[in-house]
Amino acid sequence: MAKRLFFSPSKSNAAGVKFGKASFDLLTDFLVNLDKRNKDNLPSSTKYCGNFKNKRVIEYILLITKELRLDPLVGYHAVELLQRFMVKYIEDFITAPTPKGATSNRPRSYEDAVYNKLKDKFPLIIFSCVQLANKLSLHSHASSALPMITYALLESELMVLKGLKFRLNVLNPLTYVEILLEVLGHNEPSVPMKHLYHYCHHVLQFISLERTAIYETLLMTTTERVSPSREQREQFVPVTEDCMLLGVGVIAVAAFILRKWEQVVGELSHITRISKRSITDFAHATLVHIVGISSSVTPLS
């Protein structure tokens with residue numbers, strides 16, 4: 001009888017391999033590593049997380065990635081690098097002492113204050129994150145900056161590197177989706193993995209671009225309130241940063257589109273220990289925005 005995968009203690013981290021080519025032991029290591037890193041990251045989520053994952057920024061990064069013919073992983077990795085850099089920049093900005101003679105009035109929004117300070121450099125910061133993500137990718141094509149902006153780009157890359165304390169090995173949602181698909185394919189060989197993989201890429205892109213609206217719908221579903229309180233919003237932040245939940249949500253939506261809901265969702269719950277109810281709520285919140293009208297989505301169960 002074939003071994004069935006789910007989260008259990010393991011011995012080491014795993015290195016990247018081509019999709020569909022990982023061994024059972026390597027997949028086990030991947031799963032444990034992803035789960036641990038995801039859980040380790042959630043407690044450090046702050047109210048500023050997600051503020052720089054707005055639609056325009058993500059669309060800009062994905063377009064750069066497509067234009068340069070880079071692996072999609074590079075784009076999602078760049079989004080995470082930008083997010084972490086900007087959050088760190090805000091935190092440093094808040095804690096920095098006010099210079100003598102300067103006004104101590106607080107800005108209406110620290111995000112706006114930081115953006116105003118960096119607005120001239122922001123496009124270059126975004127491109128620097130793409131470049132850094134590209135350099136770390138084992139699967140993307142090499143890209144080079146235009147000679148006229150090389151020095152400025154290097155300065156910008158150095159600023160991002162220092163801001164992140166040279167910690168660039170961050171996980172991104174596409175990694176979670178692909179590893180979960182690998183495990184799903186191992187546990188349920190009858191699932192049409194090629195088609196599911198194809199739809200997952202489109203679903204993840206849609207969720208990334210419509211992130212704010214989708215998580216707002218999920219928040220209202222979770223709290224059962226049309227206008228959640230400030231405290232509820234702050235408590236919900238770790239949910240928006242939960243890559244494992246996002247990964248299973250993406251696959252669940254793709255499975256619904258392929259009419260493989262029952263077959264896939266139960267297995268995803270088994271693999272990740274995320275309840276079927278949580279997966280269903282996330283999928284429904286996404287499908288509402290894909291369809292555009294909530295009444296057009298058949299209730300999931």
# chains A, B, ... in the order shown; residues from 1 in each chain; ligands from 1

$ residues_around --residues "region 60-64 of chain A" --least-positions-apart "6" --cutoff "8 Å" --atoms "only C-alpha atoms" --output "PyMOL selection string"
chain A and resi 72+75-76+78-79+126-127+130

$ write_last_selection --atoms "N, CA, C and O atoms" --output "PDB file, in the first residue's frame"
ATOM      1  N   PRO A  72       7.227  32.555 -12.640  1.00  0.00           N
ATOM      2  CA  PRO A  72       6.212  33.198 -11.785  1.00  0.00           C
ATOM      3  C   PRO A  72       6.597  33.227 -10.315  1.00  0.00           C
ATOM      4  O   PRO A  72       6.208  34.134  -9.577  1.00  0.00           O
ATOM      5  N   GLY A  75       8.087  36.533  -9.220  1.00  0.00           N
ATOM      6  CA  GLY A  75       7.156  37.617  -8.948  1.00  0.00           C
ATOM      7  C   GLY A  75       6.573  37.542  -7.551  1.00  0.00           C
ATOM      8  O   GLY A  75       6.540  38.532  -6.818  1.00  0.00           O
ATOM      9  N   TYR A  76       6.116  36.336  -7.152  1.00  0.00           N
ATOM     10  CA  TYR A  76       5.520  36.186  -5.823  1.00  0.00           C
ATOM     11  C   TYR A  76       6.565  36.343  -4.717  1.00  0.00           C
ATOM     12  O   TYR A  76       6.275  36.847  -3.637  1.00  0.00           O
ATOM     13  N   ALA A  78       9.178  38.316  -5.013  1.00  0.00           N
ATOM     14  CA  ALA A  78       9.438  39.755  -4.980  1.00  0.00           C
ATOM     15  C   ALA A  78       8.388  40.493  -4.158  1.00  0.00           C
ATOM     16  O   ALA A  78       8.690  41.449  -3.431  1.00  0.00           O
ATOM     17  N   VAL A  79       7.131  40.064  -4.268  1.00  0.00           N
ATOM     18  CA  VAL A  79       6.045  40.665  -3.479  1.00  0.00           C
ATOM     19  C   VAL A  79       6.334  40.509  -1.994  1.00  0.00           C
ATOM     20  O   VAL A  79       6.168  41.461  -1.207  1.00  0.00           O
ATOM     21  N   ILE A 126      10.854  48.436  -6.044  1.00  0.00           N
ATOM     22  CA  ILE A 126      10.081  47.306  -6.554  1.00  0.00           C
ATOM     23  C   ILE A 126      10.925  46.476  -7.521  1.00  0.00           C
ATOM     24  O   ILE A 126      10.988  45.241  -7.414  1.00  0.00           O
ATOM     25  N   PHE A 127      11.587  47.156  -8.451  1.00  0.00           N
ATOM     26  CA  PHE A 127      12.402  46.438  -9.427  1.00  0.00           C
ATOM     27  C   PHE A 127      13.576  45.740  -8.745  1.00  0.00           C
ATOM     28  O   PHE A 127      13.974  44.637  -9.144  1.00  0.00           O
ATOM     29  N   VAL A 130      12.413  42.490  -7.435  1.00  0.00           N
ATOM     30  CA  VAL A 130      12.305  41.514  -8.528  1.00  0.00           C
ATOM     31  C   VAL A 130      13.690  40.967  -8.877  1.00  0.00           C
ATOM     32  O   VAL A 130      13.864  39.753  -9.056  1.00  0.00           O
TER      33      VAL A 130
END

$ residues_around --residues "Arg277 (chain A)" --least-positions-apart "2" --cutoff "12 Å" --atoms "only C-alpha atoms" --output "PyMOL selection string"
chain A and resi 221-222+245+248-249+252+265-266+268-269+273-275+279-284+300-301

$ write_last_selection --atoms "N, CA and C atoms" --output "PDB file, in the first residue's frame"
ATOM      1  N   THR A 221     -17.256  37.008   7.185  1.00  0.00           N
ATOM      2  CA  THR A 221     -17.787  35.656   7.387  1.00  0.00           C
ATOM      3  C   THR A 221     -17.351  35.107   8.742  1.00  0.00           C
ATOM      4  N   THR A 222     -16.081  35.311   9.071  1.00  0.00           N
ATOM      5  CA  THR A 222     -15.525  34.782  10.323  1.00  0.00           C
ATOM      6  C   THR A 222     -16.139  35.442  11.549  1.00  0.00           C
ATOM      7  N   LEU A 245      -3.004  28.425   4.652  1.00  0.00           N
ATOM      8  CA  LEU A 245      -4.437  28.617   4.390  1.00  0.00           C
ATOM      9  C   LEU A 245      -4.647  29.122   2.967  1.00  0.00           C
ATOM     10  N   VAL A 248      -4.118  26.117   0.466  1.00  0.00           N
ATOM     11  CA  VAL A 248      -5.237  25.175   0.359  1.00  0.00           C
ATOM     12  C   VAL A 248      -6.460  25.860  -0.244  1.00  0.00           C
ATOM     13  N   GLY A 249      -6.609  27.181   0.031  1.00  0.00           N
ATOM     14  CA  GLY A 249      -7.734  27.920  -0.538  1.00  0.00           C
ATOM     15  C   GLY A 249      -7.657  28.013  -2.052  1.00  0.00           C
ATOM     16  N   ALA A 252      -8.461  24.601  -3.471  1.00  0.00           N
ATOM     17  CA  ALA A 252      -9.886  24.293  -3.289  1.00  0.00           C
ATOM     18  C   ALA A 252     -10.735  25.003  -4.337  1.00  0.00           C
ATOM     19  N   VAL A 265     -10.904  18.570  -1.275  1.00  0.00           N
ATOM     20  CA  VAL A 265     -10.937  19.322  -0.018  1.00  0.00           C
ATOM     21  C   VAL A 265     -10.710  18.432   1.196  1.00  0.00           C
ATOM     22  N   GLY A 266     -11.293  17.259   1.202  1.00  0.00           N
ATOM     23  CA  GLY A 266     -11.079  16.339   2.319  1.00  0.00           C
ATOM     24  C   GLY A 266      -9.616  15.962   2.462  1.00  0.00           C
ATOM     25  N   LEU A 268      -7.024  17.755   1.357  1.00  0.00           N
ATOM     26  CA  LEU A 268      -6.276  18.939   1.790  1.00  0.00           C
ATOM     27  C   LEU A 268      -6.373  19.131   3.301  1.00  0.00           C
ATOM     28  N   SER A 269      -7.554  18.878   3.836  1.00  0.00           N
ATOM     29  CA  SER A 269      -7.746  18.988   5.280  1.00  0.00           C
ATOM     30  C   SER A 269      -6.903  17.949   6.014  1.00  0.00           C
ATOM     31  N   ARG A 273      -4.197  19.615   8.248  1.00  0.00           N
ATOM     32  CA  ARG A 273      -4.904  19.742   9.524  1.00  0.00           C
ATOM     33  C   ARG A 273      -5.709  21.029   9.607  1.00  0.00           C
ATOM     34  N   ILE A 274      -5.921  21.684   8.491  1.00  0.00           N
ATOM     35  CA  ILE A 274      -6.822  22.837   8.445  1.00  0.00           C
ATOM     36  C   ILE A 274      -8.234  22.297   8.250  1.00  0.00           C
ATOM     37  N   SER A 275      -9.174  22.790   9.041  1.00  0.00           N
ATOM     38  CA  SER A 275     -10.526  22.229   8.996  1.00  0.00           C
ATOM     39  C   SER A 275     -11.194  22.455   7.641  1.00  0.00           C
ATOM     40  N   ILE A 279     -11.367  25.876   5.082  1.00  0.00           N
ATOM     41  CA  ILE A 279     -11.087  25.803   3.646  1.00  0.00           C
ATOM     42  C   ILE A 279     -12.315  26.243   2.852  1.00  0.00           C
ATOM     43  N   THR A 280     -13.470  25.795   3.279  1.00  0.00           N
ATOM     44  CA  THR A 280     -14.723  26.144   2.600  1.00  0.00           C
ATOM     45  C   THR A 280     -14.997  27.640   2.668  1.00  0.00           C
ATOM     46  N   ASP A 281     -14.797  28.234   3.851  1.00  0.00           N
ATOM     47  CA  ASP A 281     -15.024  29.674   4.013  1.00  0.00           C
ATOM     48  C   ASP A 281     -14.112  30.484   3.095  1.00  0.00           C
ATOM     49  N   PHE A 282     -12.836  30.075   3.014  1.00  0.00           N
ATOM     50  CA  PHE A 282     -11.891  30.787   2.158  1.00  0.00           C
ATOM     51  C   PHE A 282     -12.291  30.645   0.681  1.00  0.00           C
ATOM     52  N   ALA A 283     -12.628  29.432   0.282  1.00  0.00           N
ATOM     53  CA  ALA A 283     -13.008  29.186  -1.116  1.00  0.00           C
ATOM     54  C   ALA A 283     -14.259  29.978  -1.481  1.00  0.00           C
ATOM     55  N   HIS A 284     -15.229  29.990  -0.570  1.00  0.00           N
ATOM     56  CA  HIS A 284     -16.474  30.706  -0.849  1.00  0.00           C
ATOM     57  C   HIS A 284     -16.214  32.201  -0.975  1.00  0.00           C
ATOM     58  N   LEU A 300     -21.132  25.837  -0.540  1.00  0.00           N
ATOM     59  CA  LEU A 300     -20.173  24.756  -0.422  1.00  0.00           C
ATOM     60  C   LEU A 300     -20.372  24.049   0.908  1.00  0.00           C
ATOM     61  N   SER A 301     -20.104  22.801   0.932  1.00  0.00           N
ATOM     62  CA  SER A 301     -20.262  22.037   2.182  1.00  0.00           C
ATOM     63  C   SER A 301     -19.210  20.945   2.248  1.00  0.00           C
TER      64      SER A 301
END

$ residues_around --residues "region 209-215 of chain A" --least-positions-apart "5" --cutoff "9 Å" --atoms "only C-alpha atoms" --output "list in words"
Gly50, Lys53, Asn54, Lys55, Arg56, Val57, Ile58, Glu59, Leu204, Met220, Val239, Thr240, Phe282, Ala285, Thr286, Val288 and His289 of chain A

$ residues_around --residues "Val170 (chain A)" --least-positions-apart "3" --cutoff "9 Å" --atoms "only C-alpha atoms" --output "number ranges by chain"
A: 77, 80-81, 167

$ atom_distance --atom1 "CA of Gln263 (chain A)" --atom2 "CA of Thr217 (chain A)"
25.5 Å

$ closest_residue --among "A:Ala113, A:Glu182, A:Gln83, A:Ala254" --to "Phe206 (chain A)" --atoms "only C-alpha atoms"
A:Ala254

$ atom_distance --atom1 "CA of Met86 (chain A)" --atom2 "CA of Ile125 (chain A)"
9.7 Å

$ atom_distance --atom1 "CA of Arg37 (chain A)" --atom2 "CA of Asp25 (chain A)"
18.5 Å

$ residues_around --residues "region 192-197 of chain A" --least-positions-apart "5" --cutoff "12 Å" --atoms "only C-alpha atoms" --output "PyMOL selection string"
chain A and resi 19-20+174+177-187+202-204+247+250-261+263-264

$ write_last_selection --atoms "N, CA, C and O atoms" --output "short mmCIF file (atom, residue, chain, number, x, y, z; two decimals), in the first residue's frame"
data_model
loop_
_atom_site.label_atom_id
_atom_site.label_comp_id
_atom_site.auth_asym_id
_atom_site.auth_seq_id
_atom_site.Cartn_x
_atom_site.Cartn_y
_atom_site.Cartn_z
N PHE A 19 8.61 20.24 -10.46
CA PHE A 19 7.26 19.85 -10.05
C PHE A 19 6.95 18.44 -10.54
O PHE A 19 7.20 18.09 -11.69
N GLY A 20 6.43 17.61 -9.65
CA GLY A 20 6.06 16.24 -10.00
C GLY A 20 7.19 15.24 -9.91
O GLY A 20 7.00 14.07 -10.20
N LEU A 174 3.04 30.77 -3.92
CA LEU A 174 3.11 29.80 -5.02
C LEU A 174 3.89 28.56 -4.59
O LEU A 174 3.57 27.44 -5.01
N VAL A 177 1.43 26.41 -2.75
CA VAL A 177 0.49 25.79 -3.69
C VAL A 177 1.14 24.61 -4.39
O VAL A 177 0.56 23.52 -4.48
N GLU A 178 2.36 24.79 -4.87
CA GLU A 178 3.02 23.74 -5.64
C GLU A 178 3.35 22.52 -4.79
O GLU A 178 3.18 21.38 -5.23
N ILE A 179 3.82 22.75 -3.56
CA ILE A 179 4.15 21.62 -2.70
C ILE A 179 2.88 20.88 -2.28
O ILE A 179 2.85 19.63 -2.25
N LEU A 180 1.83 21.61 -1.97
CA LEU A 180 0.56 20.96 -1.61
C LEU A 180 0.01 20.16 -2.79
O LEU A 180 -0.56 19.08 -2.60
N LEU A 181 0.18 20.67 -3.99
CA LEU A 181 -0.25 19.94 -5.18
C LEU A 181 0.57 18.65 -5.35
O LEU A 181 0.03 17.61 -5.75
N GLU A 182 1.87 18.75 -5.07
CA GLU A 182 2.73 17.57 -5.14
C GLU A 182 2.20 16.48 -4.20
O GLU A 182 2.08 15.30 -4.58
N VAL A 183 1.90 16.88 -2.97
CA VAL A 183 1.43 15.92 -1.98
C VAL A 183 0.06 15.38 -2.35
O VAL A 183 -0.22 14.18 -2.23
N LEU A 184 -0.80 16.27 -2.82
CA LEU A 184 -2.14 15.86 -3.25
C LEU A 184 -2.05 14.84 -4.37
O LEU A 184 -2.78 13.83 -4.38
N GLY A 185 -1.15 15.08 -5.31
CA GLY A 185 -0.98 14.14 -6.41
C GLY A 185 -0.46 12.80 -5.94
O GLY A 185 -0.79 11.76 -6.51
N HIS A 186 0.36 12.80 -4.90
CA HIS A 186 0.88 11.55 -4.35
C HIS A 186 -0.23 10.78 -3.63
O HIS A 186 -0.35 9.56 -3.76
N ASN A 187 -1.05 11.50 -2.85
CA ASN A 187 -2.10 10.84 -2.07
C ASN A 187 -3.33 10.47 -2.88
O ASN A 187 -4.02 9.50 -2.57
N HIS A 202 -3.94 30.58 -12.17
CA HIS A 202 -4.89 31.67 -12.44
C HIS A 202 -5.62 32.10 -11.17
O HIS A 202 -5.83 33.30 -10.94
N VAL A 203 -5.98 31.13 -10.34
CA VAL A 203 -6.69 31.45 -9.10
C VAL A 203 -5.78 32.23 -8.16
O VAL A 203 -6.21 33.22 -7.56
N LEU A 204 -4.53 31.82 -8.03
CA LEU A 204 -3.59 32.53 -7.15
C LEU A 204 -3.38 33.96 -7.62
O LEU A 204 -3.34 34.90 -6.81
N GLY A 247 -2.69 28.63 0.43
CA GLY A 247 -2.38 27.53 -0.49
C GLY A 247 -3.53 26.56 -0.66
O GLY A 247 -3.91 26.22 -1.79
N VAL A 250 -6.47 28.26 -2.55
CA VAL A 250 -6.25 28.34 -4.00
C VAL A 250 -6.61 27.01 -4.66
O VAL A 250 -7.32 26.95 -5.67
N ILE A 251 -6.09 25.92 -4.10
CA ILE A 251 -6.34 24.59 -4.67
C ILE A 251 -7.82 24.22 -4.57
O ILE A 251 -8.39 23.64 -5.51
N ALA A 252 -8.46 24.60 -3.47
CA ALA A 252 -9.89 24.29 -3.29
C ALA A 252 -10.74 25.00 -4.34
O ALA A 252 -11.68 24.41 -4.90
N VAL A 253 -10.43 26.25 -4.61
CA VAL A 253 -11.18 27.01 -5.63
C VAL A 253 -10.98 26.37 -7.00
O VAL A 253 -11.94 26.19 -7.77
N ALA A 254 -9.74 26.02 -7.32
CA ALA A 254 -9.46 25.36 -8.60
C ALA A 254 -10.19 24.02 -8.70
O ALA A 254 -10.72 23.67 -9.76
N ALA A 255 -10.25 23.29 -7.58
CA ALA A 255 -10.96 22.01 -7.55
C ALA A 255 -12.46 22.21 -7.76
O ALA A 255 -13.11 21.41 -8.43
N PHE A 256 -13.00 23.28 -7.20
CA PHE A 256 -14.42 23.58 -7.38
C PHE A 256 -14.73 23.85 -8.86
O PHE A 256 -15.73 23.38 -9.41
N ILE A 257 -13.84 24.59 -9.50
CA ILE A 257 -14.00 24.90 -10.92
C ILE A 257 -13.95 23.62 -11.76
O ILE A 257 -14.69 23.47 -12.73
N LEU A 258 -13.09 22.68 -11.34
CA LEU A 258 -12.94 21.41 -12.06
C LEU A 258 -13.95 20.36 -11.61
O LEU A 258 -13.90 19.21 -12.07
N ARG A 259 -14.86 20.75 -10.70
CA ARG A 259 -15.86 19.82 -10.15
C ARG A 259 -15.20 18.63 -9.45
O ARG A 259 -15.64 17.48 -9.56
N LYS A 260 -14.14 18.90 -8.72
CA LYS A 260 -13.45 17.86 -7.94
C LYS A 260 -13.44 18.24 -6.46
O LYS A 260 -12.53 17.83 -5.72
N TRP A 261 -14.41 19.03 -6.03
CA TRP A 261 -14.44 19.59 -4.68
C TRP A 261 -14.33 18.52 -3.59
O TRP A 261 -13.43 18.56 -2.76
N GLN A 263 -13.51 15.41 -3.58
CA GLN A 263 -12.31 14.57 -3.67
C GLN A 263 -11.08 15.29 -3.13
O GLN A 263 -10.23 14.68 -2.47
N VAL A 264 -10.99 16.60 -3.40
CA VAL A 264 -9.77 17.36 -3.08
C VAL A 264 -9.79 17.96 -1.68
O VAL A 264 -8.80 17.88 -0.95
#

$ select_by_dssp --residues "region 35-253 of chain A" --states "helix (DSSP H, G or I)" --output "number ranges by chain"
A: 35-44, 55-67, 72-95, 110-118, 122-136, 147-163, 173-187, 193-209, 211-223, 230-240, 243-253

$ residues_around --residues "Pro238 (chain A)" --least-positions-apart "3" --cutoff "10 Å" --atoms "only C-alpha atoms" --output "ChimeraX atom specification"
/A:39,41-47,49,233-235,241-243

$ residues_around --residues "region 117-122 of chain A" --least-positions-apart "5" --cutoff "12 Å" --atoms "only C-alpha atoms" --output "ChimeraX atom specification"
/A:52,57,60,82,85-86,89-90,93,110-112,127-129,152-153,155-157,159-160

$ decode --residues "region 176-202 of chain A" --atoms "N, CA and C atoms" --output "mmCIF file, in the first residue's frame"
data_model
loop_
_atom_site.group_PDB
_atom_site.id
_atom_site.type_symbol
_atom_site.label_atom_id
_atom_site.label_comp_id
_atom_site.auth_asym_id
_atom_site.auth_seq_id
_atom_site.Cartn_x
_atom_site.Cartn_y
_atom_site.Cartn_z
ATOM 1 N N TYR A 176 3.851 27.260 -1.610
ATOM 2 C CA TYR A 176 2.903 26.454 -0.836
ATOM 3 C C TYR A 176 1.926 25.719 -1.753
ATOM 4 N N VAL A 177 1.429 26.415 -2.753
ATOM 5 C CA VAL A 177 0.486 25.793 -3.685
ATOM 6 C C VAL A 177 1.143 24.606 -4.392
ATOM 7 N N GLU A 178 2.360 24.791 -4.872
ATOM 8 C CA GLU A 178 3.017 23.737 -5.644
ATOM 9 C C GLU A 178 3.355 22.524 -4.788
ATOM 10 N N ILE A 179 3.821 22.754 -3.558
ATOM 11 C CA ILE A 179 4.149 21.617 -2.695
ATOM 12 C C ILE A 179 2.885 20.877 -2.278
ATOM 13 N N LEU A 180 1.832 21.611 -1.969
ATOM 14 C CA LEU A 180 0.564 20.961 -1.612
ATOM 15 C C LEU A 180 0.008 20.162 -2.788
ATOM 16 N N LEU A 181 0.176 20.673 -3.994
ATOM 17 C CA LEU A 181 -0.254 19.935 -5.180
ATOM 18 C C LEU A 181 0.568 18.651 -5.353
ATOM 19 N N GLU A 182 1.875 18.751 -5.071
ATOM 20 C CA GLU A 182 2.730 17.566 -5.140
ATOM 21 C C GLU A 182 2.201 16.478 -4.201
ATOM 22 N N VAL A 183 1.896 16.880 -2.972
ATOM 23 C CA VAL A 183 1.432 15.919 -1.975
ATOM 24 C C VAL A 183 0.056 15.375 -2.351
ATOM 25 N N LEU A 184 -0.803 16.273 -2.822
ATOM 26 C CA LEU A 184 -2.143 15.861 -3.245
ATOM 27 C C LEU A 184 -2.055 14.838 -4.368
ATOM 28 N N GLY A 185 -1.155 15.084 -5.306
ATOM 29 C CA GLY A 185 -0.975 14.143 -6.408
ATOM 30 C C GLY A 185 -0.459 12.797 -5.940
ATOM 31 N N HIS A 186 0.359 12.800 -4.899
ATOM 32 C CA HIS A 186 0.877 11.552 -4.346
ATOM 33 C C HIS A 186 -0.227 10.780 -3.630
ATOM 34 N N ASN A 187 -1.055 11.505 -2.853
ATOM 35 C CA ASN A 187 -2.102 10.845 -2.067
ATOM 36 C C ASN A 187 -3.330 10.472 -2.881
ATOM 37 N N GLU A 188 -3.635 11.295 -3.911
ATOM 38 C CA GLU A 188 -4.822 11.072 -4.740
ATOM 39 C C GLU A 188 -4.425 11.078 -6.222
ATOM 40 N N PRO A 189 -3.841 9.991 -6.704
ATOM 41 C CA PRO A 189 -3.355 9.945 -8.090
ATOM 42 C C PRO A 189 -4.451 10.159 -9.134
ATOM 43 N N SER A 190 -5.709 9.944 -8.766
ATOM 44 C CA SER A 190 -6.797 10.082 -9.740
ATOM 45 C C SER A 190 -7.159 11.540 -10.030
ATOM 46 N N VAL A 191 -6.667 12.464 -9.217
ATOM 47 C CA VAL A 191 -6.961 13.889 -9.445
ATOM 48 C C VAL A 191 -6.226 14.351 -10.702
ATOM 49 N N PRO A 192 -6.912 15.046 -11.633
ATOM 50 C CA PRO A 192 -6.256 15.528 -12.866
ATOM 51 C C PRO A 192 -5.292 16.671 -12.548
ATOM 52 N N MET A 193 -4.092 16.308 -12.105
ATOM 53 C CA MET A 193 -3.149 17.278 -11.559
ATOM 54 C C MET A 193 -2.712 18.337 -12.566
ATOM 55 N N LYS A 194 -2.577 17.957 -13.820
ATOM 56 C CA LYS A 194 -2.137 18.920 -14.830
ATOM 57 C C LYS A 194 -3.148 20.057 -14.967
ATOM 58 N N HIS A 195 -4.420 19.725 -15.019
ATOM 59 C CA HIS A 195 -5.459 20.748 -15.145
ATOM 60 C C HIS A 195 -5.589 21.550 -13.852
ATOM 61 N N LEU A 196 -5.475 20.867 -12.718
ATOM 62 C CA LEU A 196 -5.582 21.542 -11.429
ATOM 63 C C LEU A 196 -4.439 22.539 -11.262
ATOM 64 N N TYR A 197 -3.247 22.131 -11.643
ATOM 65 C CA TYR A 197 -2.060 23.004 -11.572
ATOM 66 C C TYR A 197 -2.268 24.249 -12.417
ATOM 67 N N HIS A 198 -2.807 24.060 -13.616
ATOM 68 C CA HIS A 198 -3.057 25.179 -14.531
ATOM 69 C C HIS A 198 -4.041 26.177 -13.919
ATOM 70 N N TYR A 199 -5.138 25.679 -13.383
ATOM 71 C CA TYR A 199 -6.139 26.569 -12.791
ATOM 72 C C TYR A 199 -5.623 27.248 -11.530
ATOM 73 N N CYS A 200 -4.788 26.556 -10.773
ATOM 74 C CA CYS A 200 -4.251 27.134 -9.539
ATOM 75 C C CYS A 200 -3.448 28.403 -9.806
ATOM 76 N N HIS A 201 -2.707 28.416 -10.897
ATOM 77 C CA HIS A 201 -1.930 29.613 -11.237
ATOM 78 C C HIS A 201 -2.854 30.808 -11.475
ATOM 79 N N HIS A 202 -3.943 30.581 -12.169
ATOM 80 C CA HIS A 202 -4.887 31.670 -12.441
ATOM 81 C C HIS A 202 -5.616 32.102 -11.168
#
